[in-house]
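Shown next: coords-v1.txt, containing compact mmCIF, C-alpha atoms.
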# COMPACT_ATOMS: atom_id res chain seq x y z
CA MET A 1 -4.85 -13.84 59.39
CA LYS A 2 -6.21 -14.00 62.94
CA ARG A 3 -7.63 -10.72 64.19
CA ALA A 4 -9.41 -10.95 67.57
CA GLU A 5 -11.99 -13.73 67.03
CA LEU A 6 -12.02 -13.22 63.27
CA ALA A 7 -10.15 -14.84 60.42
CA VAL A 8 -9.42 -11.99 58.01
CA ALA A 9 -8.01 -12.29 54.49
CA GLU A 10 -4.48 -10.91 54.45
CA ILE A 11 -5.17 -8.36 51.73
CA LEU A 12 -8.12 -6.95 53.71
CA ALA A 13 -6.24 -6.86 57.03
CA ASP A 14 -3.35 -5.04 55.35
CA PHE A 15 -5.71 -2.51 53.79
CA VAL A 16 -7.41 -1.78 57.12
CA GLU A 17 -4.21 -1.48 59.12
CA ARG A 18 -1.93 0.26 56.61
CA GLU A 19 -4.37 2.46 54.70
CA ALA A 20 -7.74 2.96 56.39
CA LEU A 21 -6.85 3.19 60.11
CA PRO A 22 -3.89 5.64 59.98
CA GLY A 23 -5.16 9.15 60.71
CA THR A 24 -8.33 8.01 62.48
CA GLY A 25 -6.83 7.70 65.97
CA ILE A 26 -8.06 4.10 66.26
CA GLU A 27 -5.57 1.35 67.09
CA ALA A 28 -5.74 -1.83 65.05
CA ALA A 29 -6.33 -4.09 68.06
CA ALA A 30 -9.23 -1.93 69.27
CA PHE A 31 -10.76 -1.90 65.79
CA TRP A 32 -10.68 -5.68 65.40
CA ASP A 33 -11.93 -6.29 68.95
CA ALA A 34 -14.90 -4.02 68.32
CA PHE A 35 -15.58 -5.57 64.92
CA ALA A 36 -15.45 -9.09 66.40
CA ALA A 37 -17.93 -8.06 69.12
CA ILE A 38 -20.35 -6.69 66.52
CA VAL A 39 -20.11 -9.90 64.49
CA ARG A 40 -20.55 -12.05 67.61
CA ASP A 41 -23.66 -10.14 68.68
CA LEU A 42 -25.32 -9.31 65.38
CA ALA A 43 -24.47 -12.11 62.92
CA PRO A 44 -26.87 -14.56 64.67
CA ARG A 45 -29.62 -11.93 64.47
CA ASN A 46 -28.85 -11.51 60.77
CA ARG A 47 -29.32 -15.26 60.25
CA GLU A 48 -32.58 -15.22 62.24
CA LEU A 49 -34.00 -12.47 60.02
CA LEU A 50 -33.14 -14.44 56.90
CA ALA A 51 -34.76 -17.55 58.40
CA ALA A 52 -37.91 -15.49 59.04
CA ARG A 53 -37.96 -14.52 55.36
CA ASP A 54 -37.80 -18.19 54.35
CA ARG A 55 -40.46 -19.19 56.89
CA MET A 56 -42.90 -16.54 55.68
CA GLN A 57 -42.28 -17.41 52.06
CA GLU A 58 -43.01 -21.09 52.76
CA GLN A 59 -46.27 -20.12 54.49
CA ILE A 60 -47.26 -17.89 51.56
CA ASP A 61 -46.39 -20.62 49.04
CA ASP A 62 -48.45 -23.17 51.01
CA TRP A 63 -51.42 -20.78 51.16
CA HIS A 64 -51.36 -20.25 47.41
CA ARG A 65 -51.06 -23.97 46.71
CA ALA A 66 -54.14 -24.52 48.85
CA ASN A 67 -56.19 -21.50 47.74
CA GLY A 68 -54.87 -20.33 44.38
CA ALA A 69 -54.89 -16.65 43.54
CA PRO A 70 -56.54 -14.62 46.34
CA SER A 71 -60.13 -13.63 45.57
CA ASP A 72 -61.06 -12.31 49.02
CA ARG A 73 -58.67 -9.41 49.65
CA ASP A 74 -59.65 -9.02 53.30
CA ALA A 75 -59.12 -12.71 54.01
CA TYR A 76 -55.74 -12.65 52.30
CA ARG A 77 -54.71 -9.53 54.18
CA GLY A 78 -55.77 -11.24 57.41
CA PHE A 79 -53.58 -14.22 56.57
CA LEU A 80 -50.58 -11.96 55.91
CA ARG A 81 -51.17 -10.24 59.25
CA GLU A 82 -51.44 -13.59 61.02
CA ILE A 83 -48.00 -14.72 59.82
CA GLY A 84 -46.42 -11.33 60.56
CA TYR A 85 -45.91 -10.31 56.93
CA ILE A 86 -48.05 -7.21 57.50
CA VAL A 87 -47.68 -5.48 60.88
CA ASP A 88 -50.04 -3.11 62.66
CA GLU A 89 -49.34 0.58 62.23
CA GLY A 90 -48.47 2.55 65.33
CA PRO A 91 -49.43 6.13 66.27
CA GLU A 92 -48.36 9.28 64.43
CA PHE A 93 -44.67 10.14 64.61
CA ARG A 94 -42.22 12.64 63.17
CA VAL A 95 -38.91 11.99 61.46
CA GLY A 96 -36.29 13.53 63.75
CA THR A 97 -33.14 13.30 61.64
CA SER A 98 -30.71 16.18 62.09
CA GLY A 99 -27.42 17.16 60.48
CA VAL A 100 -28.58 16.48 56.92
CA ASP A 101 -26.71 18.35 54.19
CA PRO A 102 -28.79 20.60 51.90
CA GLU A 103 -28.23 18.38 48.86
CA ILE A 104 -30.51 15.87 50.56
CA ALA A 105 -32.58 18.04 52.92
CA ASP A 106 -33.46 20.95 50.64
CA VAL A 107 -32.43 20.54 46.99
CA SER A 108 -34.14 18.36 44.41
CA GLY A 109 -31.61 17.47 41.74
CA PRO A 110 -30.21 14.64 39.61
CA GLN A 111 -28.40 11.71 41.25
CA LEU A 112 -25.87 9.35 39.70
CA VAL A 113 -25.22 5.71 40.67
CA VAL A 114 -21.82 4.22 39.81
CA PRO A 115 -19.91 1.04 40.65
CA LEU A 116 -17.44 1.87 43.40
CA SER A 117 -15.05 -0.73 42.00
CA ASN A 118 -14.29 1.57 39.05
CA ALA A 119 -12.22 4.56 40.17
CA ARG A 120 -12.70 6.41 36.89
CA PHE A 121 -16.49 6.09 37.04
CA ALA A 122 -16.49 7.11 40.70
CA LEU A 123 -14.40 10.22 39.99
CA ASN A 124 -16.56 11.14 37.00
CA ALA A 125 -19.69 10.90 39.15
CA ALA A 126 -18.18 12.89 42.02
CA ASN A 127 -17.08 15.57 39.55
CA ALA A 128 -20.47 15.73 37.81
CA ARG A 129 -21.71 18.50 40.09
CA TRP A 130 -21.42 21.03 37.24
CA GLY A 131 -21.91 20.40 33.53
CA SER A 132 -21.72 22.54 30.42
CA LEU A 133 -25.17 23.25 29.03
CA TYR A 134 -23.54 24.31 25.75
CA ASP A 135 -21.76 20.96 25.40
CA ALA A 136 -24.83 18.96 26.40
CA LEU A 137 -27.00 20.67 23.79
CA TYR A 138 -24.38 20.69 21.03
CA GLY A 139 -23.54 17.00 21.42
CA THR A 140 -27.04 15.56 21.65
CA ASN A 141 -30.24 15.51 19.61
CA ALA A 142 -31.78 18.18 21.86
CA ILE A 143 -30.82 20.45 18.95
CA PRO A 144 -32.15 18.99 15.66
CA GLU A 145 -29.60 18.16 12.98
CA ASP A 146 -31.32 19.79 10.05
CA GLY A 147 -31.10 23.05 8.16
CA GLY A 148 -27.31 23.13 8.40
CA ARG A 149 -27.22 22.37 12.15
CA GLU A 150 -25.64 18.93 11.86
CA ARG A 151 -22.73 17.80 14.04
CA ARG A 152 -19.38 17.73 12.23
CA ARG A 153 -15.81 16.78 13.08
CA SER A 154 -15.02 20.48 13.43
CA TYR A 155 -17.16 23.16 15.09
CA ASN A 156 -20.33 24.05 13.19
CA PRO A 157 -21.12 27.76 13.86
CA GLN A 158 -24.71 27.30 12.70
CA ARG A 159 -25.32 24.54 15.25
CA GLY A 160 -23.48 26.62 17.86
CA ALA A 161 -25.81 29.55 17.18
CA ALA A 162 -28.83 27.29 17.71
CA VAL A 163 -27.37 26.15 21.04
CA ILE A 164 -26.78 29.73 22.18
CA ALA A 165 -30.31 30.75 21.18
CA TRP A 166 -31.75 27.80 23.15
CA VAL A 167 -29.72 28.75 26.23
CA ARG A 168 -30.78 32.41 26.04
CA THR A 169 -34.43 31.27 26.04
CA PHE A 170 -33.70 29.05 29.03
CA LEU A 171 -32.14 31.99 30.90
CA ASN A 172 -35.16 34.17 30.08
CA ASP A 173 -37.37 31.57 31.79
CA ALA A 174 -35.12 30.68 34.75
CA VAL A 175 -33.47 34.01 35.63
CA PRO A 176 -35.34 36.73 33.72
CA LEU A 177 -34.06 40.27 33.29
CA ARG A 178 -36.12 43.37 33.85
CA GLY A 179 -37.72 44.67 30.69
CA THR A 180 -35.65 42.66 28.20
CA GLY A 181 -34.19 39.24 27.36
CA TRP A 182 -30.71 37.77 27.66
CA THR A 183 -29.98 38.27 23.95
CA ALA A 184 -29.79 42.00 24.73
CA ALA A 185 -26.96 41.56 27.26
CA ARG A 186 -23.66 43.25 26.35
CA GLY A 187 -21.70 42.91 29.58
CA PHE A 188 -21.86 42.43 33.32
CA SER A 189 -20.71 44.14 36.50
CA VAL A 190 -21.45 43.97 40.21
CA LYS A 191 -22.44 47.22 41.90
CA GLY A 192 -23.76 47.64 45.42
CA GLY A 193 -24.17 43.89 45.82
CA ALA A 194 -26.38 43.61 42.73
CA LEU A 195 -25.75 42.24 39.23
CA THR A 196 -25.87 44.97 36.61
CA VAL A 197 -26.35 43.89 32.99
CA ALA A 198 -25.13 46.30 30.32
CA LEU A 199 -27.36 46.76 27.27
CA GLU A 200 -26.70 48.49 23.97
CA ARG A 201 -28.28 51.50 25.61
CA GLY A 202 -28.37 51.65 29.37
CA THR A 203 -28.42 48.82 31.89
CA THR A 204 -30.84 46.46 33.57
CA ARG A 205 -30.94 44.04 36.47
CA LEU A 206 -32.43 40.68 37.34
CA ALA A 207 -36.20 40.61 37.67
CA ARG A 208 -35.60 38.69 40.90
CA PRO A 209 -32.42 40.23 42.37
CA GLU A 210 -32.16 37.52 45.01
CA GLN A 211 -31.21 35.05 42.26
CA PHE A 212 -27.75 36.62 42.06
CA ALA A 213 -25.51 34.46 44.26
CA GLY A 214 -21.93 35.46 43.47
CA TYR A 215 -19.18 36.14 40.97
CA ARG A 216 -15.54 35.47 40.13
CA GLY A 217 -12.92 37.99 39.09
CA ASP A 218 -13.19 41.76 39.32
CA ALA A 219 -16.56 43.22 40.30
CA ALA A 220 -16.30 45.70 37.41
CA ALA A 221 -15.68 42.92 34.87
CA PRO A 222 -16.39 39.48 36.35
CA THR A 223 -15.21 36.31 34.64
CA GLU A 224 -18.12 34.29 35.97
CA ILE A 225 -21.59 34.99 37.34
CA LEU A 226 -23.39 32.63 39.74
CA LEU A 227 -27.18 32.61 39.70
CA ARG A 228 -29.67 30.33 41.47
CA ASN A 229 -33.06 28.96 40.48
CA ASN A 230 -35.04 26.51 42.64
CA GLY A 231 -31.96 25.96 44.78
CA LEU A 232 -29.72 24.94 41.87
CA GLY A 233 -26.86 26.98 40.47
CA ILE A 234 -26.34 28.47 37.01
CA ARG A 235 -22.84 29.71 36.17
CA ILE A 236 -22.37 32.13 33.27
CA VAL A 237 -18.75 31.99 32.10
CA ILE A 238 -17.40 35.17 30.46
CA ASP A 239 -14.26 34.90 28.29
CA ALA A 240 -13.71 37.25 25.37
CA GLY A 241 -10.65 35.25 24.30
CA SER A 242 -12.44 31.94 23.75
CA THR A 243 -13.78 30.69 20.42
CA ILE A 244 -17.39 31.09 21.55
CA GLY A 245 -16.94 34.12 23.79
CA ARG A 246 -15.23 36.39 21.31
CA ASP A 247 -18.21 36.28 18.93
CA ASP A 248 -20.82 36.60 21.67
CA PRO A 249 -22.12 40.17 22.27
CA ALA A 250 -21.66 39.71 26.05
CA HIS A 251 -18.57 37.46 25.63
CA VAL A 252 -20.41 34.53 27.27
CA SER A 253 -18.33 31.45 26.48
CA ASP A 254 -20.37 28.84 28.37
CA VAL A 255 -23.24 28.28 30.76
CA LEU A 256 -22.77 25.62 33.46
CA LEU A 257 -25.67 24.01 35.28
CA GLU A 258 -25.56 22.38 38.68
CA SER A 259 -26.18 18.81 37.65
CA ALA A 260 -25.53 15.72 39.82
CA VAL A 261 -25.89 17.19 43.30
CA THR A 262 -25.61 13.69 44.80
CA ALA A 263 -24.00 10.43 43.69
CA ILE A 264 -24.39 6.91 45.09
CA MET A 265 -21.08 5.06 45.24
CA ASP A 266 -22.32 1.52 44.89
CA CYS A 267 -21.02 -1.60 46.65
CA GLU A 268 -24.08 -3.58 45.57
CA ASP A 269 -26.25 -3.67 42.42
CA SER A 270 -23.90 -2.19 39.82
CA VAL A 271 -20.81 -4.08 41.00
CA ALA A 272 -19.85 -7.71 41.61
CA ALA A 273 -17.59 -7.56 44.68
CA VAL A 274 -17.67 -10.41 47.17
CA ASP A 275 -14.21 -11.89 47.74
CA ALA A 276 -11.41 -10.11 49.58
CA GLU A 277 -9.66 -8.70 46.50
CA ASP A 278 -12.87 -7.23 45.13
CA LYS A 279 -13.96 -5.81 48.47
CA VAL A 280 -10.59 -4.16 49.06
CA LEU A 281 -10.80 -2.49 45.65
CA VAL A 282 -14.23 -1.09 46.54
CA TYR A 283 -13.16 0.04 50.01
CA ARG A 284 -9.92 1.58 48.73
CA ASN A 285 -11.81 3.71 46.21
CA TRP A 286 -14.27 4.85 48.91
CA LEU A 287 -11.33 5.67 51.18
CA GLY A 288 -9.74 7.73 48.39
CA LEU A 289 -12.97 9.67 47.91
CA MET A 290 -13.25 10.36 51.63
CA LYS A 291 -9.59 11.38 51.93
CA GLY A 292 -9.80 13.37 48.69
CA ASP A 293 -6.75 11.72 47.11
CA LEU A 294 -8.33 9.20 44.74
CA ALA A 295 -6.64 9.46 41.32
CA GLU A 296 -6.87 7.49 38.10
CA GLU A 297 -4.77 7.69 34.95
CA VAL A 298 -7.00 8.19 31.93
CA ALA A 299 -6.15 7.85 28.23
CA LYS A 300 -8.35 9.94 25.94
CA GLY A 301 -7.91 11.38 22.47
CA GLY A 302 -4.34 10.16 22.20
CA ARG A 303 -3.19 11.72 25.47
CA THR A 304 -2.87 10.49 29.04
CA PHE A 305 -3.78 12.51 32.12
CA GLU A 306 -4.61 11.99 35.79
CA ARG A 307 -8.18 12.43 36.93
CA ARG A 308 -8.79 13.66 40.48
CA LEU A 309 -11.60 15.21 42.48
CA ASN A 310 -12.37 18.75 41.38
CA PRO A 311 -11.41 21.42 43.95
CA GLU A 312 -13.84 24.05 45.19
CA ALA A 313 -14.24 27.07 42.91
CA GLU A 314 -13.37 30.40 44.53
CA PHE A 315 -16.23 32.88 44.32
CA ARG A 316 -17.32 36.09 46.00
CA ALA A 317 -20.78 36.66 47.43
CA PRO A 318 -22.71 39.69 46.11
CA ASP A 319 -21.24 41.77 48.96
CA GLY A 320 -17.70 40.73 48.01
CA THR A 321 -17.18 38.14 50.77
CA PRO A 322 -15.11 35.19 49.44
CA PHE A 323 -16.52 31.65 49.59
CA GLY A 324 -15.84 28.25 48.05
CA LEU A 325 -18.43 26.86 45.65
CA ARG A 326 -18.82 23.11 45.91
CA ALA A 327 -17.46 21.32 42.87
CA GLN A 328 -18.28 17.75 43.89
CA ALA A 329 -21.52 15.85 44.26
CA LEU A 330 -22.44 14.84 47.80
CA MET A 331 -21.47 11.16 47.89
CA LEU A 332 -23.60 8.42 49.42
CA VAL A 333 -22.42 4.81 49.76
CA ARG A 334 -24.70 1.87 49.03
CA ASN A 335 -23.90 -1.10 51.29
CA VAL A 336 -25.11 -4.59 50.44
CA GLY A 337 -28.27 -6.01 51.97
CA HIS A 338 -28.66 -8.52 54.77
CA LEU A 339 -28.60 -11.63 52.55
CA MET A 340 -25.02 -11.78 51.32
CA THR A 341 -21.95 -13.13 53.14
CA SER A 342 -18.29 -12.73 52.24
CA PRO A 343 -15.37 -15.15 52.56
CA ALA A 344 -13.11 -12.15 53.22
CA ILE A 345 -13.84 -12.47 56.96
CA ARG A 346 -14.95 -15.52 58.94
CA ASP A 347 -16.23 -15.64 62.50
CA ALA A 348 -15.00 -17.79 65.39
CA GLU A 349 -16.98 -20.80 64.06
CA GLY A 350 -15.57 -20.40 60.55
CA ARG A 351 -18.77 -18.95 59.05
CA GLU A 352 -18.60 -16.19 56.48
CA VAL A 353 -19.44 -12.82 58.02
CA PRO A 354 -22.61 -11.07 56.79
CA GLU A 355 -21.42 -8.71 54.11
CA GLY A 356 -23.80 -5.95 55.20
CA ILE A 357 -22.16 -5.83 58.63
CA MET A 358 -18.73 -5.80 57.00
CA ASP A 359 -19.72 -2.98 54.63
CA ALA A 360 -21.15 -0.90 57.49
CA MET A 361 -17.96 -1.22 59.55
CA LEU A 362 -15.48 -0.68 56.73
CA THR A 363 -17.24 2.05 54.77
CA GLY A 364 -17.82 3.75 58.13
CA LEU A 365 -14.13 3.47 58.97
CA CYS A 366 -13.14 5.02 55.62
CA ALA A 367 -15.68 7.82 56.13
CA LEU A 368 -13.93 8.86 59.35
CA HIS A 369 -11.43 10.64 57.11
CA ASP A 370 -14.28 13.00 56.21
CA VAL A 371 -16.45 13.14 59.35
CA GLY A 372 -14.09 12.07 62.15
CA ARG A 373 -12.36 14.28 64.68
CA ASN A 374 -9.68 15.21 62.16
CA GLY A 375 -11.94 14.78 59.12
CA ARG A 376 -11.87 17.01 56.07
CA ARG A 377 -15.64 17.72 56.09
CA ALA A 378 -15.32 18.02 52.32
CA ASN A 379 -18.02 15.52 51.39
CA SER A 380 -20.39 16.32 54.25
CA PRO A 381 -19.79 19.73 55.85
CA LEU A 382 -22.44 18.82 58.45
CA GLY A 383 -20.56 15.65 59.41
CA SER A 384 -22.91 12.92 58.20
CA VAL A 385 -22.34 9.66 56.33
CA TYR A 386 -25.15 8.60 54.00
CA VAL A 387 -25.62 4.83 53.79
CA VAL A 388 -28.07 3.56 51.19
CA LYS A 389 -29.41 0.21 52.38
CA PRO A 390 -31.09 -2.09 49.84
CA LYS A 391 -33.22 -5.22 49.91
CA MET A 392 -34.60 -5.01 53.43
CA HIS A 393 -37.80 -6.94 54.19
CA GLY A 394 -40.00 -5.04 56.61
CA PRO A 395 -39.47 -2.99 59.79
CA ASP A 396 -37.58 -5.69 61.73
CA GLU A 397 -34.85 -5.73 59.10
CA VAL A 398 -34.75 -1.94 58.98
CA GLY A 399 -34.45 -1.90 62.77
CA PHE A 400 -31.57 -4.37 62.54
CA ALA A 401 -29.77 -2.12 60.04
CA VAL A 402 -30.28 0.83 62.39
CA GLU A 403 -28.85 -1.16 65.30
CA THR A 404 -25.87 -2.18 63.17
CA LEU A 405 -25.11 1.44 62.32
CA ALA A 406 -25.37 2.45 65.98
CA ARG A 407 -22.91 -0.28 66.94
CA VAL A 408 -20.52 0.85 64.20
CA GLU A 409 -20.72 4.45 65.42
CA ALA A 410 -19.84 3.38 68.94
CA ALA A 411 -16.99 1.18 67.72
CA LEU A 412 -15.50 3.97 65.59
CA GLY A 413 -16.01 6.78 68.10
CA MET A 414 -18.49 8.58 65.85
CA ALA A 415 -21.10 10.89 67.28
CA PRO A 416 -24.46 9.09 67.59
CA LEU A 417 -26.63 9.33 64.46
CA THR A 418 -23.71 10.26 62.21
CA LEU A 419 -24.55 7.31 59.95
CA LYS A 420 -27.76 8.15 58.11
CA ILE A 421 -29.76 5.47 56.30
CA GLY A 422 -31.66 5.55 53.03
CA ILE A 423 -34.32 2.82 52.92
CA MET A 424 -34.71 1.41 49.43
CA ASP A 425 -38.39 0.57 48.98
CA GLU A 426 -37.81 -2.37 46.65
CA GLU A 427 -39.17 -5.40 48.58
CA ARG A 428 -42.89 -6.04 48.98
CA ARG A 429 -42.73 -6.56 52.75
CA THR A 430 -41.15 -3.11 53.00
CA THR A 431 -43.70 -1.54 50.65
CA VAL A 432 -46.75 -2.80 52.57
CA ASN A 433 -45.14 -1.77 55.89
CA LEU A 434 -43.39 1.38 54.70
CA ARG A 435 -44.72 3.60 57.48
CA GLU A 436 -43.36 1.24 60.15
CA CYS A 437 -40.07 0.86 58.27
CA ILE A 438 -39.69 4.62 58.37
CA ARG A 439 -40.57 4.64 62.08
CA ALA A 440 -37.76 2.13 62.75
CA ALA A 441 -35.23 4.57 61.25
CA LYS A 442 -36.93 7.87 62.06
CA ASP A 443 -33.93 9.52 63.74
CA ARG A 444 -31.36 8.64 61.07
CA LEU A 445 -33.52 8.44 57.95

Do you think you could lay out the structure here as structure tokens?
Amino acid sequence: MKRAELAVAEILADFVEREALPGTGIEAAAFWDAFAAIVRDLAPRNRELLAARDRMQEQIDDWHRANGAPSDRDAYRGFLREIGYIVDEGPEFRVGTSGVDPEIADVSGPQLVVPLSNARFALNAANARWGSLYDALYGTNAIPEDGGRERRRSYNPQRGAAVIAWVRTFLNDAVPLRGTGWTAARGFSVKGGALTVALERGTTRLARPEQFAGYRGDAAAPTEILLRNNGLGIRIVIDAGSTIGRDDPAHVSDVLLESAVTAIMDCEDSVAAVDAEDKVLVYRNWLGLMKGDLAEEVAKGGRTFERRLNPEAEFRAPDGTPFGLRAQALMLVRNVGHLMTSPAIRDAEGREVPEGIMDAMLTGLCALHDVGRNGRRANSPLGSVYVVKPKMHGPDEVGFAVETLARVEAALGMAPLTLKIGIMDEERRTTVNLRECIRAAKDRL
């Protein structure tokens, strides 16, 4: 289908115009005109960068044929500088990126990578923000299967007791109580903005009171306690009616840990998506994640159910102020590198469009449903889109990616520097020039 100067596969054009554009305030004609202009201006630069890769590689191959393995490191380094493989380092600089969500700026935590072509995997990763420590210990070899602690088809109380003992030790280390351990706890309440822990005789509090971050339910008898350690959350679930909780002295039925705080939704390494049908599947799933309506029917254990994104959990701060606790990982999107092209869109001369440019424009368009004027701000409350960019060779290619993102922002009406970039240090020309690669992206790194 003809769209501006581009020839676009019908399935992709339909997706853009019927699914991705509605709600963004962008007209289809304006979108395709802007996209065509980006392709017209940047696709030749993309090809030039790839030609430079080939030229350098030929020069390096010729050098090795003539000289063998390098024995004089300084001479070899001089050769690499001469051909532009290694560039001179500039003066000191500072990274100036702003608007970065705490999951990236402040918190060190696990990250998942999943193929964006698989809606179930994508939903599982997005919902992996919180995980049951009880389940993780019970179902793995972290707890030895000896002395009656083996896993069975039905619940093994002896193994369960070992799990609970392990978790109490963990709590003693991570969020210690004053003067006693967590095995002594008999109940919980919130008084004067502080967590009070009932003991068999008397009460105690946290050794570090600032670790108490919130609760659910009634302050006098909360159903859940939120604690924090090193920026990550620990949720103590209290349920006297559950199988585990009714036998627990404090009625603790589970302990949840903040797990995958970020997740990379992958258009590249973990997925094979090049033609129009594959690309639309990837983009549609990303759109569903950004709009919050992605759903997948799942069959498990003889039953069928619909999997969706987990909603925020309603908590109260220590002073009783209500707030929503994030239930989803912060999602990044990995675009493809500069090398690949896709037959899904062809330029005015009939050449396949660079897939990296296409990914930037279309994943950016989908992300407007989160960060745009009418966006949900559910993935990034600070209004950023996190693009992971792989397989770049040196600072020129990083600079080209930065320019591409700036052009996409302008085309989509995004605020400048909305599209952040993660530089994957996986190519040697990037590794030996990493400082200058970072400089090229210093305001959106």

If you count all atoms listed in the file, which residues fall within 10 Å of stretch 433-444 of chain A, apart from same-chain ones fewer than 6 positions away, as a CSV table (one decimal) with C-alpha atoms, in the coordinates of the input?
chain,number,residue,atom,x,y,z
A,85,TYR,CA,-45.9,-10.3,56.9
A,86,ILE,CA,-48.0,-7.2,57.5
A,87,VAL,CA,-47.7,-5.5,60.9
A,88,ASP,CA,-50.0,-3.1,62.7
A,89,GLU,CA,-49.3,0.6,62.2
A,90,GLY,CA,-48.5,2.6,65.3
A,91,PRO,CA,-49.4,6.1,66.3
A,92,GLU,CA,-48.4,9.3,64.4
A,93,PHE,CA,-44.7,10.1,64.6
A,94,ARG,CA,-42.2,12.6,63.2
A,95,VAL,CA,-38.9,12.0,61.5
A,96,GLY,CA,-36.3,13.5,63.8
A,97,THR,CA,-33.1,13.3,61.6
A,98,SER,CA,-30.7,16.2,62.1
A,99,GLY,CA,-27.4,17.2,60.5
A,100,VAL,CA,-28.6,16.5,56.9
A,384,SER,CA,-22.9,12.9,58.2
A,386,TYR,CA,-25.2,8.6,54.0
A,392,MET,CA,-34.6,-5.0,53.4
A,393,HIS,CA,-37.8,-6.9,54.2
A,394,GLY,CA,-40.0,-5.0,56.6
A,395,PRO,CA,-39.5,-3.0,59.8
A,396,ASP,CA,-37.6,-5.7,61.7
A,397,GLU,CA,-34.8,-5.7,59.1
A,398,VAL,CA,-34.8,-1.9,59.0
A,399,GLY,CA,-34.4,-1.9,62.8
A,400,PHE,CA,-31.6,-4.4,62.5
A,401,ALA,CA,-29.8,-2.1,60.0
A,402,VAL,CA,-30.3,0.8,62.4
A,403,GLU,CA,-28.8,-1.2,65.3
A,405,LEU,CA,-25.1,1.4,62.3
A,406,ALA,CA,-25.4,2.4,66.0
A,416,PRO,CA,-24.5,9.1,67.6
A,417,LEU,CA,-26.6,9.3,64.5
A,418,THR,CA,-23.7,10.3,62.2
A,419,LEU,CA,-24.6,7.3,60.0
A,420,LYS,CA,-27.8,8.2,58.1
A,421,ILE,CA,-29.8,5.5,56.3
A,422,GLY,CA,-31.7,5.6,53.0
A,423,ILE,CA,-34.3,2.8,52.9
A,425,ASP,CA,-38.4,0.6,49.0

What is the distance between atom CA of A:Leu206 and atom CA of A:Arg178, in Å to one decimal?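 Separation of atom CA of A:Leu206 and atom CA of A:Arg178: 5.7 Å.
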
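We find atom CA of A:Ala194 and atom CA of A:Pro311 to be spaced 26.8 Å apart.
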
What does the structure give for the distance between atom CA of A:Arg316 and atom CA of A:Leu227, in Å to one decimal?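 Between atom CA of A:Arg316 and atom CA of A:Leu227 the gap is 12.2 Å.
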
Which polymer residues, whether protein, DNA or RNA, lie within 12 Å of the coordinate (-29.0, 14.2, 44.3) when you count all atoms listed in the file? List them as an MDAnalysis selection string, using the chain letters and numbers from the file. chainID A and resid 101:113 125:126 128:129 232 258:264 328:332 386

For the selection just defined, write its residues with C-alpha atoms to a file, as a short mmCIF file (atom, residue, chain, number, x, y, z; two decimals), in the coordinates of the input.
data_model
loop_
_atom_site.label_atom_id
_atom_site.label_comp_id
_atom_site.auth_asym_id
_atom_site.auth_seq_id
_atom_site.Cartn_x
_atom_site.Cartn_y
_atom_site.Cartn_z
CA ASP A 101 -26.71 18.35 54.19
CA PRO A 102 -28.79 20.60 51.90
CA GLU A 103 -28.23 18.38 48.86
CA ILE A 104 -30.51 15.87 50.56
CA ALA A 105 -32.58 18.04 52.92
CA ASP A 106 -33.46 20.95 50.64
CA VAL A 107 -32.43 20.54 46.99
CA SER A 108 -34.14 18.36 44.41
CA GLY A 109 -31.61 17.47 41.74
CA PRO A 110 -30.21 14.64 39.61
CA GLN A 111 -28.40 11.71 41.25
CA LEU A 112 -25.87 9.35 39.70
CA VAL A 113 -25.22 5.71 40.67
CA ALA A 125 -19.69 10.90 39.15
CA ALA A 126 -18.18 12.89 42.02
CA ALA A 128 -20.47 15.73 37.81
CA ARG A 129 -21.71 18.50 40.09
CA LEU A 232 -29.72 24.94 41.87
CA GLU A 258 -25.56 22.38 38.68
CA SER A 259 -26.18 18.81 37.65
CA ALA A 260 -25.53 15.72 39.82
CA VAL A 261 -25.89 17.19 43.30
CA THR A 262 -25.61 13.69 44.80
CA ALA A 263 -24.00 10.43 43.69
CA ILE A 264 -24.39 6.91 45.09
CA GLN A 328 -18.28 17.75 43.89
CA ALA A 329 -21.52 15.85 44.26
CA LEU A 330 -22.44 14.84 47.80
CA MET A 331 -21.47 11.16 47.89
CA LEU A 332 -23.60 8.42 49.42
CA TYR A 386 -25.15 8.60 54.00
#

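Here the question is which of A:Ala221, A:Ala299, A:Ala51, A:Ile26 gets nearest to A:Ala198 using only C-alpha atoms, and that residue is A:Ala221.
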
Counting only C-alpha atoms, what is within 12 Å of A:Met290, bar same-chain residues fewer than 4 positions away, as a ChimeraX atom specification? /A:20,122-123,126,265,283-286,294,309,328,330-333,363-372,375-380,383-385

All file atoms of stretch 174-193 of chain A boxed axis-aligned, 6 Å per side, centre plus edges, as lines of an AutoDock Vina configuration file:
center_x = -29.2
center_y = 39.2
center_z = 34.9
size_x = 29.0
size_y = 29.0
size_z = 33.9
